[in-house]
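J.: This is protein-v6.csv, which holds CSV, N, CA and C atoms:
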chain,number,residue,atom,x,y,z
A,1,GLN,N,-16.7,7.0,8.3
A,1,GLN,CA,-17.5,6.9,7.1
A,1,GLN,C,-17.7,8.3,6.5
A,2,VAL,N,-17.7,8.4,5.2
A,2,VAL,CA,-17.8,9.7,4.5
A,2,VAL,C,-19.0,9.5,3.5
A,3,ARG,N,-19.8,10.5,3.5
A,3,ARG,CA,-20.9,10.5,2.5
A,3,ARG,C,-20.7,11.6,1.5
A,4,LEU,N,-20.9,11.3,0.3
A,4,LEU,CA,-20.7,12.3,-0.8
A,4,LEU,C,-22.0,12.5,-1.5
A,5,VAL,N,-22.5,13.7,-1.7
A,5,VAL,CA,-23.7,14.0,-2.4
A,5,VAL,C,-23.4,15.0,-3.5
A,6,GLU,N,-23.7,14.5,-4.7
A,6,GLU,CA,-23.4,15.2,-5.9
A,6,GLU,C,-24.7,16.0,-6.4
A,7,SER,N,-24.5,17.0,-7.1
A,7,SER,CA,-25.6,17.8,-7.8
A,7,SER,C,-25.0,18.5,-9.0
A,8,GLY,N,-25.9,18.9,-9.8
A,8,GLY,CA,-25.6,19.8,-11.0
A,8,GLY,C,-25.5,19.2,-12.3
A,9,GLY,N,-25.8,17.9,-12.4
A,9,GLY,CA,-25.8,17.2,-13.7
A,9,GLY,C,-27.0,17.6,-14.5
A,10,GLY,N,-27.1,17.2,-15.8
A,10,GLY,CA,-28.2,17.5,-16.6
A,10,GLY,C,-27.9,17.4,-18.0
A,11,LEU,N,-28.8,18.0,-18.8
A,11,LEU,CA,-28.8,17.9,-20.3
A,11,LEU,C,-28.3,19.3,-20.8
A,12,VAL,N,-27.3,19.3,-21.7
A,12,VAL,CA,-26.9,20.6,-22.2
A,12,VAL,C,-26.5,20.4,-23.6
A,13,GLN,N,-26.6,21.5,-24.4
A,13,GLN,CA,-26.1,21.4,-25.8
A,13,GLN,C,-24.6,21.5,-25.9
A,14,ALA,N,-24.1,20.9,-27.0
A,14,ALA,CA,-22.6,21.0,-27.2
A,14,ALA,C,-22.2,22.5,-27.2
A,15,GLY,N,-21.1,22.7,-26.6
A,15,GLY,CA,-20.6,24.1,-26.4
A,15,GLY,C,-21.0,24.8,-25.2
A,16,GLY,N,-22.0,24.2,-24.5
A,16,GLY,CA,-22.5,24.7,-23.3
A,16,GLY,C,-21.7,24.4,-22.0
A,17,SER,N,-22.2,24.8,-20.9
A,17,SER,CA,-21.5,24.7,-19.6
A,17,SER,C,-22.4,24.1,-18.6
A,18,LEU,N,-21.8,23.4,-17.6
A,18,LEU,CA,-22.4,22.9,-16.4
A,18,LEU,C,-21.5,23.0,-15.3
A,19,ARG,N,-22.0,23.0,-14.1
A,19,ARG,CA,-21.2,23.0,-12.9
A,19,ARG,C,-21.7,21.9,-11.9
A,20,LEU,N,-20.8,21.0,-11.6
A,20,LEU,CA,-21.1,20.0,-10.7
A,20,LEU,C,-20.6,20.3,-9.3
A,21,SER,N,-21.4,19.9,-8.3
A,21,SER,CA,-20.9,20.1,-6.9
A,21,SER,C,-21.0,18.8,-6.2
A,22,CYS,N,-20.1,18.6,-5.2
A,22,CYS,CA,-20.1,17.4,-4.4
A,22,CYS,C,-19.8,17.8,-2.9
A,23,ALA,N,-20.7,17.6,-2.1
A,23,ALA,CA,-20.6,17.9,-0.6
A,23,ALA,C,-20.3,16.7,0.1
A,24,ALA,N,-19.2,16.7,0.9
A,24,ALA,CA,-18.8,15.6,1.7
A,24,ALA,C,-19.2,15.9,3.2
A,25,SER,N,-19.6,14.8,3.8
A,25,SER,CA,-20.0,14.9,5.2
A,25,SER,C,-19.5,13.6,5.9
A,26,GLY,N,-19.4,13.7,7.3
A,26,GLY,CA,-19.0,12.6,8.0
A,26,GLY,C,-17.6,12.8,8.6
A,27,TYR,N,-16.8,11.8,8.7
A,27,TYR,CA,-15.4,11.9,9.3
A,27,TYR,C,-14.5,12.3,8.2
A,28,ILE,N,-14.2,13.6,8.0
A,28,ILE,CA,-13.4,14.1,7.0
A,28,ILE,C,-12.0,14.4,7.5
A,29,PHE,N,-11.0,13.8,7.0
A,29,PHE,CA,-9.6,14.1,7.3
A,29,PHE,C,-9.2,15.4,6.7
A,30,THR,N,-8.4,16.2,7.4
A,30,THR,CA,-7.9,17.4,6.8
A,30,THR,C,-7.1,17.2,5.5
A,31,ARG,N,-6.2,16.1,5.6
A,31,ARG,CA,-5.5,15.8,4.4
A,31,ARG,C,-6.3,14.8,3.5
A,32,ASN,N,-6.7,15.3,2.4
A,32,ASN,CA,-7.5,14.4,1.5
A,32,ASN,C,-7.4,14.9,0.1
A,33,THR,N,-7.8,14.0,-0.8
A,33,THR,CA,-7.9,14.4,-2.2
A,33,THR,C,-9.4,14.1,-2.6
A,34,MET,N,-10.0,15.1,-3.3
A,34,MET,CA,-11.3,14.9,-3.8
A,34,MET,C,-11.3,15.1,-5.3
A,35,GLY,N,-12.2,14.5,-6.0
A,35,GLY,CA,-12.1,14.6,-7.4
A,35,GLY,C,-13.4,14.0,-8.1
A,36,TRP,N,-13.3,14.0,-9.4
A,36,TRP,CA,-14.4,13.6,-10.3
A,36,TRP,C,-13.8,12.5,-11.2
A,37,TYR,N,-14.6,11.5,-11.4
A,37,TYR,CA,-14.4,10.5,-12.4
A,37,TYR,C,-15.7,10.4,-13.2
A,38,ARG,N,-15.6,9.7,-14.4
A,38,ARG,CA,-16.8,9.6,-15.2
A,38,ARG,C,-16.8,8.2,-15.9
A,39,GLN,N,-18.0,7.7,-16.2
A,39,GLN,CA,-18.1,6.5,-16.8
A,39,GLN,C,-19.2,6.6,-17.9
A,40,ALA,N,-18.8,6.4,-19.1
A,40,ALA,CA,-19.7,6.4,-20.3
A,40,ALA,C,-20.2,5.0,-20.5
A,41,PRO,N,-21.3,4.8,-21.2
A,41,PRO,CA,-21.8,3.5,-21.4
A,41,PRO,C,-20.8,2.6,-22.2
A,42,GLY,N,-20.6,1.4,-21.6
A,42,GLY,CA,-19.7,0.5,-22.3
A,42,GLY,C,-18.2,0.8,-22.1
A,43,LYS,N,-17.9,1.8,-21.3
A,43,LYS,CA,-16.5,2.1,-21.0
A,43,LYS,C,-16.2,2.0,-19.6
A,44,GLN,N,-14.9,2.0,-19.3
A,44,GLN,CA,-14.4,2.0,-17.9
A,44,GLN,C,-14.5,3.4,-17.3
A,45,ARG,N,-14.6,3.4,-16.0
A,45,ARG,CA,-14.6,4.6,-15.2
A,45,ARG,C,-13.2,5.3,-15.4
A,46,GLU,N,-13.2,6.6,-15.7
A,46,GLU,CA,-11.9,7.3,-15.9
A,46,GLU,C,-11.8,8.5,-15.1
A,47,LEU,N,-10.6,8.9,-14.8
A,47,LEU,CA,-10.3,10.2,-14.1
A,47,LEU,C,-10.7,11.4,-15.0
A,48,VAL,N,-11.3,12.3,-14.3
A,48,VAL,CA,-11.6,13.6,-14.9
A,48,VAL,C,-10.6,14.7,-14.3
A,49,ALA,N,-10.7,14.8,-13.0
A,49,ALA,CA,-9.9,15.8,-12.3
A,49,ALA,C,-9.9,15.5,-10.8
A,50,THR,N,-8.8,15.9,-10.2
A,50,THR,CA,-8.7,15.8,-8.7
A,50,THR,C,-8.0,17.0,-8.2
A,51,ILE,N,-8.3,17.2,-6.9
A,51,ILE,CA,-7.7,18.4,-6.2
A,51,ILE,C,-7.5,18.0,-4.7
A,52,ASN,N,-6.3,18.3,-4.2
A,52,ASN,CA,-6.1,17.9,-2.8
A,52,ASN,C,-6.3,19.1,-1.9
A,53,ASN,N,-6.1,18.9,-0.6
A,53,ASN,CA,-6.4,20.0,0.4
A,53,ASN,C,-5.5,21.1,0.2
A,54,PHE,N,-4.3,20.9,-0.4
A,54,PHE,CA,-3.4,22.0,-0.7
A,54,PHE,C,-3.8,22.8,-1.9
A,55,GLY,N,-4.7,22.3,-2.7
A,55,GLY,CA,-5.1,23.0,-3.9
A,55,GLY,C,-4.4,22.5,-5.2
A,56,ASN,N,-3.6,21.5,-5.0
A,56,ASN,CA,-2.9,20.9,-6.2
A,56,ASN,C,-3.9,20.1,-7.0
A,57,THR,N,-3.9,20.3,-8.3
A,57,THR,CA,-4.9,19.7,-9.2
A,57,THR,C,-4.2,18.8,-10.2
A,58,ASN,N,-5.1,17.9,-10.8
A,58,ASN,CA,-4.6,17.0,-11.8
A,58,ASN,C,-5.8,16.8,-12.7
A,59,TYR,N,-5.6,16.9,-14.1
A,59,TYR,CA,-6.6,16.8,-15.0
A,59,TYR,C,-6.3,15.7,-16.1
A,60,ALA,N,-7.4,15.1,-16.6
A,60,ALA,CA,-7.2,14.2,-17.8
A,60,ALA,C,-6.9,15.1,-18.9
A,61,ASP,N,-6.1,14.6,-19.9
A,61,ASP,CA,-5.8,15.5,-21.0
A,61,ASP,C,-7.0,15.9,-21.8
A,62,SER,N,-8.0,15.0,-21.8
A,62,SER,CA,-9.2,15.3,-22.6
A,62,SER,C,-10.0,16.5,-22.1
A,63,VAL,N,-9.8,16.9,-20.9
A,63,VAL,CA,-10.6,18.0,-20.3
A,63,VAL,C,-9.8,19.2,-20.0
A,64,LYS,N,-8.5,19.1,-20.1
A,64,LYS,CA,-7.6,20.3,-19.8
A,64,LYS,C,-8.1,21.5,-20.7
A,65,ASP,N,-8.0,22.7,-20.1
A,65,ASP,CA,-8.4,23.9,-20.8
A,65,ASP,C,-9.9,24.1,-21.0
A,66,ARG,N,-10.7,23.0,-20.6
A,66,ARG,CA,-12.2,23.2,-20.7
A,66,ARG,C,-12.8,23.0,-19.3
A,67,PHE,N,-12.3,22.2,-18.5
A,67,PHE,CA,-12.8,22.0,-17.1
A,67,PHE,C,-11.9,22.6,-16.1
A,68,ALA,N,-12.6,23.0,-15.0
A,68,ALA,CA,-11.8,23.5,-13.8
A,68,ALA,C,-12.4,22.9,-12.5
A,69,ILE,N,-11.5,22.4,-11.7
A,69,ILE,CA,-11.9,21.8,-10.4
A,69,ILE,C,-11.5,22.8,-9.4
A,70,SER,N,-12.3,22.9,-8.3
A,70,SER,CA,-12.0,23.8,-7.2
A,70,SER,C,-12.6,23.2,-6.0
A,71,ARG,N,-12.3,23.7,-4.8
A,71,ARG,CA,-12.9,23.2,-3.6
A,71,ARG,C,-13.0,24.3,-2.5
A,72,ASP,N,-13.9,24.0,-1.6
A,72,ASP,CA,-14.1,24.9,-0.4
A,72,ASP,C,-13.8,24.0,0.8
A,73,ASN,N,-12.6,24.1,1.3
A,73,ASN,CA,-12.2,23.3,2.4
A,73,ASN,C,-13.1,23.5,3.7
A,74,ALA,N,-13.5,24.7,3.9
A,74,ALA,CA,-14.4,24.9,5.0
A,74,ALA,C,-15.7,24.2,4.9
A,75,GLU,N,-16.2,24.1,3.7
A,75,GLU,CA,-17.5,23.4,3.4
A,75,GLU,C,-17.4,22.0,3.0
A,76,ASN,N,-16.1,21.5,2.9
A,76,ASN,CA,-15.9,20.1,2.4
A,76,ASN,C,-16.6,19.9,1.1
A,77,THR,N,-16.5,20.8,0.2
A,77,THR,CA,-17.2,20.7,-1.1
A,77,THR,C,-16.2,20.9,-2.2
A,78,VAL,N,-16.4,20.1,-3.3
A,78,VAL,CA,-15.6,20.2,-4.5
A,78,VAL,C,-16.5,20.5,-5.6
A,79,TYR,N,-16.0,21.3,-6.6
A,79,TYR,CA,-16.8,21.7,-7.7
A,79,TYR,C,-16.0,21.3,-9.0
A,80,LEU,N,-16.8,21.2,-10.0
A,80,LEU,CA,-16.3,20.9,-11.4
A,80,LEU,C,-17.0,21.8,-12.4
A,81,GLN,N,-16.3,22.9,-12.8
A,81,GLN,CA,-16.9,23.7,-13.8
A,81,GLN,C,-16.5,23.2,-15.2
A,82,MET,N,-17.5,22.8,-16.0
A,82,MET,CA,-17.3,22.2,-17.3
A,82,MET,C,-17.8,23.2,-18.4
A,83,ASN,N,-16.8,23.6,-19.2
A,83,ASN,CA,-17.1,24.5,-20.3
A,83,ASN,C,-16.8,23.8,-21.6
A,84,SER,N,-17.4,24.4,-22.7
A,84,SER,CA,-17.2,23.9,-24.1
A,84,SER,C,-17.4,22.4,-24.1
A,85,LEU,N,-18.5,22.0,-23.6
A,85,LEU,CA,-18.9,20.6,-23.5
A,85,LEU,C,-19.0,20.0,-24.8
A,86,LYS,N,-18.6,18.7,-24.9
A,86,LYS,CA,-18.7,18.0,-26.2
A,86,LYS,C,-19.6,16.7,-26.0
A,87,ALA,N,-20.0,16.1,-27.1
A,87,ALA,CA,-20.9,14.9,-26.9
A,87,ALA,C,-20.1,13.8,-26.2
A,88,GLU,N,-18.8,13.8,-26.4
A,88,GLU,CA,-18.0,12.7,-25.8
A,88,GLU,C,-17.8,12.9,-24.3
A,89,ASP,N,-18.3,14.0,-23.8
A,89,ASP,CA,-18.3,14.2,-22.3
A,89,ASP,C,-19.5,13.6,-21.6
A,90,THR,N,-20.4,13.1,-22.4
A,90,THR,CA,-21.6,12.4,-21.9
A,90,THR,C,-21.2,11.2,-21.1
A,91,ALA,N,-21.6,11.2,-19.8
A,91,ALA,CA,-21.3,10.1,-18.9
A,91,ALA,C,-22.0,10.3,-17.6
A,92,VAL,N,-21.8,9.3,-16.7
A,92,VAL,CA,-22.2,9.5,-15.3
A,92,VAL,C,-20.9,10.0,-14.6
A,93,TYR,N,-21.0,11.1,-13.9
A,93,TYR,CA,-19.9,11.7,-13.2
A,93,TYR,C,-20.0,11.3,-11.7
A,94,TYR,N,-18.9,10.8,-11.2
A,94,TYR,CA,-18.9,10.3,-9.8
A,94,TYR,C,-17.9,11.2,-9.0
A,95,CYS,N,-18.3,11.6,-7.8
A,95,CYS,CA,-17.4,12.3,-6.9
A,95,CYS,C,-16.6,11.2,-6.1
A,96,ASN,N,-15.4,11.5,-5.8
A,96,ASN,CA,-14.5,10.6,-5.1
A,96,ASN,C,-13.8,11.3,-4.0
A,97,TYR,N,-13.6,10.7,-2.9
A,97,TYR,CA,-12.9,11.2,-1.7
A,97,TYR,C,-11.8,10.1,-1.4
A,98,ARG,N,-10.6,10.6,-1.2
A,98,ARG,CA,-9.5,9.7,-0.7
A,98,ARG,C,-8.9,10.3,0.5
A,99,GLY,N,-8.9,9.5,1.6
A,99,GLY,CA,-8.2,10.0,2.8
A,99,GLY,C,-7.0,9.2,3.1
A,100,PRO,N,-6.4,9.4,4.3
A,100,PRO,CA,-5.2,8.6,4.6
A,100,PRO,C,-5.5,7.1,4.8
A,101,ARG,N,-4.5,6.3,4.8
A,101,ARG,CA,-4.5,4.9,5.0
A,101,ARG,C,-5.5,4.2,4.0
A,102,GLY,N,-5.6,4.7,2.8
A,102,GLY,CA,-6.3,4.0,1.8
A,102,GLY,C,-7.8,4.2,1.8
A,103,SER,N,-8.3,5.0,2.7
A,103,SER,CA,-9.8,5.2,2.8
A,103,SER,C,-10.3,5.9,1.5
A,104,GLU,N,-11.4,5.4,0.9
A,104,GLU,CA,-11.9,5.9,-0.3
A,104,GLU,C,-13.4,5.7,-0.3
A,105,TYR,N,-14.1,6.8,-0.8
A,105,TYR,CA,-15.5,6.8,-0.9
A,105,TYR,C,-16.0,7.3,-2.2
A,106,TRP,N,-17.2,6.9,-2.7
A,106,TRP,CA,-17.7,7.4,-3.9
A,106,TRP,C,-19.1,7.9,-3.7
A,107,GLY,N,-19.5,8.9,-4.6
A,107,GLY,CA,-20.8,9.4,-4.6
A,107,GLY,C,-21.7,8.5,-5.4
A,108,GLN,N,-23.0,8.8,-5.5
A,108,GLN,CA,-23.9,7.9,-6.2
A,108,GLN,C,-23.9,8.2,-7.7
A,109,GLY,N,-23.3,9.3,-8.1
A,109,GLY,CA,-23.2,9.6,-9.6
A,109,GLY,C,-24.2,10.6,-10.0
A,110,THR,N,-23.9,11.4,-11.0
A,110,THR,CA,-24.9,12.3,-11.6
A,110,THR,C,-24.7,12.3,-13.1
A,111,GLN,N,-25.8,12.2,-13.8
A,111,GLN,CA,-25.7,12.1,-15.3
A,111,GLN,C,-25.5,13.4,-15.9
A,112,VAL,N,-24.5,13.5,-16.8
A,112,VAL,CA,-24.3,14.6,-17.7
A,112,VAL,C,-24.5,14.1,-19.1
A,113,THR,N,-25.4,14.8,-19.8
A,113,THR,CA,-25.7,14.4,-21.2
A,113,THR,C,-25.5,15.7,-22.1
A,114,VAL,N,-24.6,15.5,-23.1
A,114,VAL,CA,-24.3,16.6,-24.0
A,114,VAL,C,-24.9,16.3,-25.4
A,115,SER,N,-25.8,17.1,-25.9
A,115,SER,CA,-26.4,16.8,-27.1
A,115,SER,C,-25.7,17.5,-28.2
A,116,SER,N,-25.5,16.8,-29.3
A,116,SER,CA,-24.7,17.4,-30.5
A,116,SER,C,-25.6,18.1,-31.5
Step by step, read the file and then write its structure as structure tokens.

T.:
Amino acid sequence: QVRLVESGGGLVQAGGSLRLSCAASGYIFTRNTMGWYRQAPGKQRELVATINNFGNTNYADSVKDRFAISRDNAENTVYLQMNSLKAEDTAVYYCNYRGPRGSEYWGQGTQVTVSS
């Protein structure tokens, strides 16, 4: 079992920045991929960014050049630095962990609201 605890969401004006954190605890496999997904009202959950234990990253086109994902393997923590935020970035952001053999866990979500 893996527990994910997110922090760092909030209200920010358009053009501002926020940093999300997600700390994983429990049975953490060395080989894993952690990332962030988001879900806006009335929309499906979508990928924002992922990073594996080797540091390889993947971003949604809509956030490239504005968001940066990073991780601290020793602390089992993943971060999402969000810059130049837009109103369309408003959503609940969920932390995700994927380990071997299809294991997958989600955080409880943190609200990010960008006012225009």

J.: I'd like the neighbourhood of Tyr59 in chain A as a PyMOL selection string, where a residue qualifies if any of its atoms comes within 7 Å (using all atoms listed in the file), though same-chain residues fewer than 5 positions away should be ignored.

T.: chain A and resi 47-50+64

J.: For N, CA and C atoms, I'd like the residues from the last selection saved as an mmCIF file, in the frame of the given file.

T.:
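Below is the file that was written, result_11.cif:
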data_model
loop_
_atom_site.group_PDB
_atom_site.id
_atom_site.type_symbol
_atom_site.label_atom_id
_atom_site.label_comp_id
_atom_site.auth_asym_id
_atom_site.auth_seq_id
_atom_site.Cartn_x
_atom_site.Cartn_y
_atom_site.Cartn_z
ATOM 1 N N LEU A 47 -10.600 8.900 -14.800
ATOM 2 C CA LEU A 47 -10.300 10.200 -14.100
ATOM 3 C C LEU A 47 -10.700 11.400 -15.000
ATOM 4 N N VAL A 48 -11.300 12.300 -14.300
ATOM 5 C CA VAL A 48 -11.600 13.600 -14.900
ATOM 6 C C VAL A 48 -10.600 14.700 -14.300
ATOM 7 N N ALA A 49 -10.700 14.800 -13.000
ATOM 8 C CA ALA A 49 -9.900 15.800 -12.300
ATOM 9 C C ALA A 49 -9.900 15.500 -10.800
ATOM 10 N N THR A 50 -8.800 15.900 -10.200
ATOM 11 C CA THR A 50 -8.700 15.800 -8.700
ATOM 12 C C THR A 50 -8.000 17.000 -8.200
ATOM 13 N N LYS A 64 -8.500 19.100 -20.100
ATOM 14 C CA LYS A 64 -7.600 20.300 -19.800
ATOM 15 C C LYS A 64 -8.100 21.500 -20.700
#

J.: Determine, counting all atoms listed in the file, which protein, DNA and RNA residues have an atom within 6.5 Å of an atom of Ser116 in chain A; residues of the same chain fewer than 3 positions away are not included. Present the result as a PDB file with N, CA and C atoms, in the coordinates of the input.

T.:
ATOM      1  N   GLN A  13     -26.600  21.500 -24.400  1.00  0.00           N
ATOM      2  CA  GLN A  13     -26.100  21.400 -25.800  1.00  0.00           C
ATOM      3  C   GLN A  13     -24.600  21.500 -25.900  1.00  0.00           C
ATOM      4  N   ALA A  14     -24.100  20.900 -27.000  1.00  0.00           N
ATOM      5  CA  ALA A  14     -22.600  21.000 -27.200  1.00  0.00           C
ATOM      6  C   ALA A  14     -22.200  22.500 -27.200  1.00  0.00           C
ATOM      7  N   ALA A  87     -20.000  16.100 -27.100  1.00  0.00           N
ATOM      8  CA  ALA A  87     -20.900  14.900 -26.900  1.00  0.00           C
ATOM      9  C   ALA A  87     -20.100  13.800 -26.200  1.00  0.00           C
TER      10      ALA A  87
END

J.: Pick out the residues sitting within 8 Å of Arg71 in chain A, and hand them over as a ChimeraX atom specification; count only C-alpha atoms, and ignore anything fewer than 4 positions along from it in its own chain.

T.: /A:51,55,76-79

J.: Could you save those same residues with N, CA and C atoms as a PDB file, in the coordinates of the input?

T.:
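That gives us part.pdb:
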ATOM      1  N   ILE A  51      -8.300  17.200  -6.900  1.00  0.00           N
ATOM      2  CA  ILE A  51      -7.700  18.400  -6.200  1.00  0.00           C
ATOM      3  C   ILE A  51      -7.500  18.000  -4.700  1.00  0.00           C
ATOM      4  N   GLY A  55      -4.700  22.300  -2.700  1.00  0.00           N
ATOM      5  CA  GLY A  55      -5.100  23.000  -3.900  1.00  0.00           C
ATOM      6  C   GLY A  55      -4.400  22.500  -5.200  1.00  0.00           C
ATOM      7  N   ASN A  76     -16.100  21.500   2.900  1.00  0.00           N
ATOM      8  CA  ASN A  76     -15.900  20.100   2.400  1.00  0.00           C
ATOM      9  C   ASN A  76     -16.600  19.900   1.100  1.00  0.00           C
ATOM     10  N   THR A  77     -16.500  20.800   0.200  1.00  0.00           N
ATOM     11  CA  THR A  77     -17.200  20.700  -1.100  1.00  0.00           C
ATOM     12  C   THR A  77     -16.200  20.900  -2.200  1.00  0.00           C
ATOM     13  N   VAL A  78     -16.400  20.100  -3.300  1.00  0.00           N
ATOM     14  CA  VAL A  78     -15.600  20.200  -4.500  1.00  0.00           C
ATOM     15  C   VAL A  78     -16.500  20.500  -5.600  1.00  0.00           C
ATOM     16  N   TYR A  79     -16.000  21.300  -6.600  1.00  0.00           N
ATOM     17  CA  TYR A  79     -16.800  21.700  -7.700  1.00  0.00           C
ATOM     18  C   TYR A  79     -16.000  21.300  -9.000  1.00  0.00           C
TER      19      TYR A  79
END

J.: Taking only chain A into account, list the residues labelled strand (DSSP E or B) by DSSP (computed from the backbone), as a count of residues only.

T.: 65

J.: Hey, what does DSSP flag as helix (DSSP H, G or I) within chain A? Can you give it to me as a ChimeraX atom specification?

T.: /A:87-89,100-102

J.: Looking at only N, CA and C atoms, which of A:Gly9, A:Gly35, A:Gly99, A:Gly107 is the one that sits closest to Ile69 in chain A?

T.: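 Answer, going by the shortest atom-to-atom distance: A:Gly35.
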
J.: What's the separation between atom N of Glu46 in chain A and CA of Leu85 in chain A, in Å to one decimal place?

T.: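 Answer for the atom N of Glu46 in chain A to CA of Leu85 in chain A separation: 17.0 Å.
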
J.: Please measure the separation of atom C of Gln111 in chain A and atom N of Gln81 in chain A, giving the value in Å to one decimal.

T.: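 Computed distance, atom C of Gln111 in chain A to atom N of Gln81 in chain A, equals 13.6 Å.
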
J.: Record the distance separating CA of Thr90 in chain A and CA of Trp106 in chain A, expressed in Å with one decimal.

T.: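 Result for CA of Thr90 in chain A versus CA of Trp106 in chain A: 19.1 Å, one decimal.
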
J.: Which is closer to Thr113 in chain A than all the others in A:Gly15, A:Ala91, A:Arg98, A:Ser7, using all atoms listed in the file?

T.: A:Ala91

J.: Write out as a PyMOL selection string each polymer residue whose atoms come within 6 Å of Arg66 in chain A, counting all atoms listed in the file; drop sequence neighbours fewer than 6 positions from it.

T.: chain A and resi 81-84

J.: Between A:Ser17, A:Val2, A:Ala40, A:Ser25, single out the one closest to Glu104 in chain A, counting all atoms listed in the file.

T.: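 For Glu104 in chain A, the nearest of the candidates is A:Val2.
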
J.: Which residue out of A:Val112, A:Arg45, A:Gly102, A:Met34 has the minimum interatomic distance to Gly8 in chain A when only C-alpha atoms are used?

T.: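 Closest to Gly8 in chain A, using only C-alpha atoms: A:Val112.
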
J.: Tell me which of A:Cys95, A:Asn56, A:Leu80, A:Glu88 sits closest to Val114 in chain A, counting all atoms listed in the file.

T.: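 Closest residue, counting all atoms listed in the file: A:Glu88.
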
J.: For Ala60 in chain A, which of A:Gly109, A:Ser103, A:Arg38, A:Arg31 is the closest residue, counting only C-alpha atoms?

T.: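 Of A:Gly109, A:Ser103, A:Arg38, A:Arg31, the one nearest Ala60 in chain A is A:Arg38, counting only C-alpha atoms.
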